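Below is entry_3.cif, holding mmCIF, C-alpha atoms.
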data_work
#
loop_
_atom_site.group_PDB
_atom_site.id
_atom_site.type_symbol
_atom_site.label_atom_id
_atom_site.label_comp_id
_atom_site.auth_asym_id
_atom_site.auth_seq_id
_atom_site.Cartn_x
_atom_site.Cartn_y
_atom_site.Cartn_z
ATOM 1 C CA MET A 27 -10.028 2.267 15.747
ATOM 2 C CA LYS A 28 -10.720 5.084 13.321
ATOM 3 C CA ILE A 29 -11.436 4.016 9.710
ATOM 4 C CA LEU A 30 -10.052 6.538 7.197
ATOM 5 C CA TRP A 31 -11.335 4.857 4.021
ATOM 6 C CA THR A 32 -13.487 1.920 2.975
ATOM 7 C CA ASP A 33 -14.691 0.558 -0.371
ATOM 8 C CA LYS A 34 -15.737 -2.638 -2.083
ATOM 9 C CA LYS A 35 -14.073 -4.318 -5.019
ATOM 10 C CA ARG A 36 -16.067 -3.226 -8.059
ATOM 11 C CA THR A 37 -17.166 -5.569 -10.836
ATOM 12 C CA LEU A 38 -19.089 -5.063 -14.062
ATOM 13 C CA PHE A 39 -19.614 -1.366 -14.919
ATOM 14 C CA GLY A 40 -18.043 -0.315 -11.611
ATOM 15 C CA LEU A 41 -20.858 -1.750 -9.494
ATOM 16 C CA PRO A 42 -19.960 -3.018 -6.001
ATOM 17 C CA TRP A 43 -21.256 -6.582 -6.569
ATOM 18 C CA SER A 44 -18.467 -8.299 -4.738
ATOM 19 C CA PHE A 45 -17.720 -9.928 -1.420
ATOM 20 C CA THR A 46 -14.376 -8.155 -1.068
ATOM 21 C CA ARG A 47 -14.234 -5.090 1.166
ATOM 22 C CA TYR A 48 -11.185 -2.893 1.783
ATOM 23 C CA SER A 49 -10.670 -0.686 4.854
ATOM 24 C CA LEU A 50 -7.837 1.604 5.900
ATOM 25 C CA SER A 51 -7.255 2.634 9.502
ATOM 26 C CA GLU A 52 -4.476 4.858 10.802
ATOM 27 C CA ASP A 53 -2.108 1.903 11.191
ATOM 28 C CA ARG A 54 -3.496 -1.059 9.189
ATOM 29 C CA LEU A 55 -5.021 -2.012 5.845
ATOM 30 C CA PHE A 56 -7.765 -4.671 5.995
ATOM 31 C CA ILE A 57 -9.026 -6.917 3.199
ATOM 32 C CA ASN A 58 -12.177 -8.896 3.932
ATOM 33 C CA THR A 59 -13.242 -11.555 1.434
ATOM 34 C CA GLY A 60 -15.879 -14.264 1.193
ATOM 35 C CA LEU A 61 -19.581 -14.855 1.664
ATOM 36 C CA PHE A 62 -19.969 -18.228 3.362
ATOM 37 C CA THR A 63 -16.411 -18.417 4.643
ATOM 38 C CA SER A 64 -15.052 -15.000 5.513
ATOM 39 C CA VAL A 65 -11.358 -14.206 5.659
ATOM 40 C CA GLU A 66 -9.953 -10.978 7.079
ATOM 41 C CA ASN A 67 -6.353 -10.174 6.162
ATOM 42 C CA GLU A 68 -4.499 -7.168 7.460
ATOM 43 C CA VAL A 69 -1.146 -5.594 6.871
ATOM 44 C CA ARG A 70 0.512 -3.080 9.162
ATOM 45 C CA LEU A 71 1.161 0.060 7.131
ATOM 46 C CA TYR A 72 4.816 0.325 8.123
ATOM 47 C CA ARG A 73 5.362 -3.020 6.325
ATOM 48 C CA ILE A 74 4.292 -1.554 2.962
ATOM 49 C CA LEU A 75 7.340 -0.933 0.792
ATOM 50 C CA ASP A 76 5.842 0.411 -2.437
ATOM 51 C CA VAL A 77 2.483 1.568 -3.814
ATOM 52 C CA LYS A 78 1.643 1.668 -7.541
ATOM 53 C CA LEU A 79 -1.573 2.714 -9.305
ATOM 54 C CA VAL A 80 -2.609 0.769 -12.426
ATOM 55 C CA ARG A 81 -5.614 1.796 -14.558
ATOM 56 C CA THR A 82 -6.795 -0.028 -17.664
ATOM 57 C CA LEU A 83 -8.917 1.735 -20.272
ATOM 58 C CA GLY A 84 -12.039 0.017 -18.923
ATOM 59 C CA GLN A 85 -11.209 1.141 -15.381
ATOM 60 C CA LYS A 86 -10.679 4.720 -16.567
ATOM 61 C CA ILE A 87 -14.083 4.731 -18.288
ATOM 62 C CA PHE A 88 -15.809 3.740 -15.037
ATOM 63 C CA GLY A 89 -13.601 5.837 -12.708
ATOM 64 C CA LEU A 90 -11.854 2.845 -11.165
ATOM 65 C CA GLY A 91 -8.287 1.685 -10.611
ATOM 66 C CA THR A 92 -6.168 -0.993 -8.977
ATOM 67 C CA ILE A 93 -3.469 -0.230 -6.422
ATOM 68 C CA HIS A 94 -0.597 -2.719 -6.424
ATOM 69 C CA ILE A 95 1.123 -3.003 -3.049
ATOM 70 C CA CYS A 96 4.549 -4.478 -2.376
ATOM 71 C CA SER A 97 4.798 -5.391 1.277
ATOM 72 C CA ALA A 98 7.188 -7.067 3.671
ATOM 73 C CA ASP A 99 4.271 -8.808 5.394
ATOM 74 C CA LYS A 100 4.898 -12.576 5.508
ATOM 75 C CA THR A 101 1.306 -13.708 4.964
ATOM 76 C CA MET A 102 0.165 -11.028 2.515
ATOM 77 C CA GLY A 103 3.315 -10.432 0.456
ATOM 78 C CA ASP A 104 2.529 -8.385 -2.667
ATOM 79 C CA PHE A 105 -1.183 -7.857 -3.325
ATOM 80 C CA ASP A 106 -3.717 -5.676 -5.159
ATOM 81 C CA ILE A 107 -6.567 -3.463 -4.037
ATOM 82 C CA LYS A 108 -8.683 -4.127 -7.114
ATOM 83 C CA ASN A 109 -11.221 -1.949 -8.933
ATOM 84 C CA ILE A 110 -11.819 0.823 -6.396
ATOM 85 C CA LYS A 111 -13.350 4.276 -6.798
ATOM 86 C CA LYS A 112 -11.141 7.391 -6.640
ATOM 87 C CA PRO A 113 -7.926 5.341 -6.874
ATOM 88 C CA GLN A 114 -5.580 8.372 -7.032
ATOM 89 C CA ASP A 115 -7.011 9.773 -3.790
ATOM 90 C CA VAL A 116 -6.771 6.379 -2.078
ATOM 91 C CA LYS A 117 -3.179 5.896 -3.250
ATOM 92 C CA GLU A 118 -2.190 9.299 -1.860
ATOM 93 C CA LEU A 119 -3.987 8.660 1.462
ATOM 94 C CA LEU A 120 -2.330 5.263 1.746
ATOM 95 C CA SER A 121 1.128 6.663 0.917
ATOM 96 C CA GLU A 122 0.757 9.404 3.528
ATOM 97 C CA GLN A 123 -0.362 6.938 6.212
ATOM 98 C CA VAL A 124 2.490 4.561 5.352
ATOM 99 C CA GLU A 125 5.039 7.358 5.867
ATOM 100 C CA ILE A 126 3.427 8.402 9.152
ATOM 101 C CA GLN A 127 3.550 4.810 10.423
ATOM 102 C CA ARG A 128 7.156 4.306 9.292
ATOM 103 C CA GLN A 129 8.200 7.381 11.240
ATOM 104 C CA ALA A 130 6.108 6.433 14.280
ATOM 105 C CA ASN A 131 7.578 2.917 14.320
ATOM 106 C CA ARG A 132 11.077 4.099 13.398
ATOM 107 C CA VAL A 133 11.163 1.830 10.363
ATOM 108 C CA MET A 134 13.765 2.619 7.717
ATOM 109 C CA ASN A 135 13.093 1.621 4.128
ATOM 110 C CA ARG A 136 15.637 -0.722 2.536
ATOM 111 C CA GLU A 137 16.282 1.853 -0.203
ATOM 112 C CA MET A 138 17.305 4.424 2.381
ATOM 113 C CA MET A 139 19.628 1.923 4.059
ATOM 114 C CA SER A 140 21.217 1.040 0.723
ATOM 115 C CA ASP A 141 21.658 4.741 -0.170
ATOM 116 C CA PHE A 142 23.200 5.296 3.245
ATOM 117 C CA ASP A 143 25.670 2.461 2.714
ATOM 118 C CA HIS A 144 26.725 3.814 -0.707
ATOM 119 C CA SER A 145 27.288 7.310 0.635
ATOM 120 C CA ASP A 146 29.604 5.881 3.307
ATOM 121 C CA ASP A 147 31.627 4.087 0.608
ATOM 122 C CA ASP A 148 31.927 7.311 -1.377
ATOM 123 C CA ASP A 149 33.211 9.147 1.683
ATOM 124 C CA ASP A 150 35.824 6.432 2.275
ATOM 125 C CA ASP A 151 36.966 6.657 -1.348
ATOM 126 C CA ASN A 152 37.249 10.445 -1.101
ATOM 127 C CA ASN A 153 39.238 10.185 2.133
ATOM 128 C CA ASN A 154 41.629 7.624 0.557
ATOM 129 C CA ASN A 155 42.150 9.823 -2.503
ATOM 130 C CA ASN A 156 43.006 12.827 -0.337
ATOM 131 C CA ASN A 157 45.856 10.988 1.417
#

This entry written out as structure tokens:
Amino acid sequence: MKILWTDKKRTLFGLPWSFTRYSLSEDRLFINTGLFTSVENEVRLYRILDVKLVRTLGQKIFGLGTIHICSADKTMGDFDIKNIKKPQDVKELLSEQVEIQRQANRVMNREMMSDFDHSDDDDDDNNNNNN
């Protein structure tokens, strides 16, 4: 498994004093938390529906950001990748990998399916008006 990106959740002044580590492979995003009891969560990238970058003033000062992820994963649901370095670059890398995995797994986004359904209705209306 090739790891494309890894970072720790940053705390005070952007220092990595945390027991939360994020990793991105070509097909999965991993979130490891805990010191005495460790928990590793993962989400398959094709299950990610939306990616949003949020940066507070404090995060901007220290070069950090939080990526909010909406996913269709049953155990993870929506979650945040909190206080990471180079958040714009990570968001772009994540978005690119999500698209690659959607195409590889032939997963269609719900938005595309809904747009497809509406375009069919429009065609039917146009055909009925022409008769």

Exercise. Within 12 Å of (-10.0, 6.2, 3.0), all atoms listed in the file: residues as a list in words?
Worked result: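 Residues found, by chain and rising number: Lys28, Ile29, Leu30, Trp31, Thr32, Asp33, Lys34, Tyr48, Ser49, Leu50, Ser51, Glu52, Arg54, Leu55, Phe56, Ile110, Lys111, Lys112, Pro113, Gln114, Asp115, Val116, Lys117, Glu118, Leu119, Leu120, Ser121, Glu122 and Gln123 of chain A.
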
For this session: To one decimal in Å, tell me the separation between atom CA of Lys86 of chain A and atom CA of Phe105 of chain A.
Result: 20.6 Å

Exercise. What is the distance between atom CA of Asp76 of chain A and atom CA of Ile95 of chain A, in Å to one decimal?
Worked result: 5.9 Å

Exercise. Between atom CA of Ile107 of chain A and atom CA of Ile93 of chain A, what is the spacing in Å?
Worked result: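 Computing the Euclidean distance for atom CA of Ile93 of chain A and atom CA of Ile107 of chain A yields 5.1 Å.
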
Exercise. Taking only C-alpha atoms into account, which of A:His94, A:Asn131, A:Asp106, A:Ile126 comes nearest Thr46 of chain A?
Worked result: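 Of A:His94, A:Asn131, A:Asp106, A:Ile126, the one nearest Thr46 of chain A, counting only C-alpha atoms, is A:Asp106.
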
Residues near Gly60 of chain A, cut-off 9 Å, all atoms listed in the file, skip fewer than 5 positions along chain, as a JSON list (two decimals) with C-alpha atoms, in the coordinates of the input:
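What ended up in out32.json:
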[["chain", "number", "residue", "atom", "x", "y", "z"],
["A", 44, "SER", "CA", -18.47, -8.30, -4.74],
["A", 45, "PHE", "CA", -17.72, -9.93, -1.42],
["A", 46, "THR", "CA", -14.38, -8.15, -1.07],
["A", 65, "VAL", "CA", -11.36, -14.21, 5.66],
["A", 66, "GLU", "CA", -9.95, -10.98, 7.08]]

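Against the coordinates shown, the PyMOL selection byres ((chain A and resi 69) around 8) returns Arg54, Leu55, Phe56, Asn67, Glu68, Arg70, Leu71, Arg73, Ile74, Asp99 and Met102 of chain A.
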
For this session: Tell me which of A:Leu90, A:Val80, A:Ile57, A:Leu75 sits closest to Leu41 of chain A, counting all atoms listed in the file.
Result: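 Distance minimum relative to Leu41 of chain A lands on A:Leu90.
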
Residue neighbourhood Gln85 of chain A, 8 Å, only C-alpha atoms, exclusion window fewer than 5 positions, as a tab-separated table (two decimals) with C-alpha atoms, in the coordinates of the input:
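File written: around.tsv
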chain	number	residue	atom	x	y	z
A	40	GLY	CA	-18.04	-0.32	-11.61
A	90	LEU	CA	-11.85	2.84	-11.16
A	91	GLY	CA	-8.29	1.68	-10.61
A	109	ASN	CA	-11.22	-1.95	-8.93

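Among A:Arg132, A:Lys108, A:Thr101, A:Thr82, the residue with the shortest atom-to-atom distance to Thr37 of chain A, counting all atoms listed in the file, is A:Lys108.
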
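Minimum atom-to-atom distances from A:Trp43, A:Arg128, A:Met134, A:Cys96 to Tyr72 of chain A were compared using all atoms listed in the file, and the lowest value belongs to A:Arg128.
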
Problem set entry | Selected residue, from A:Met27, A:Leu38, A:Val77, A:Leu61, that lies nearest to Glu125 of chain A when counting only C-alpha atoms |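 For Glu125 of chain A, the nearest of the candidates is A:Val77.
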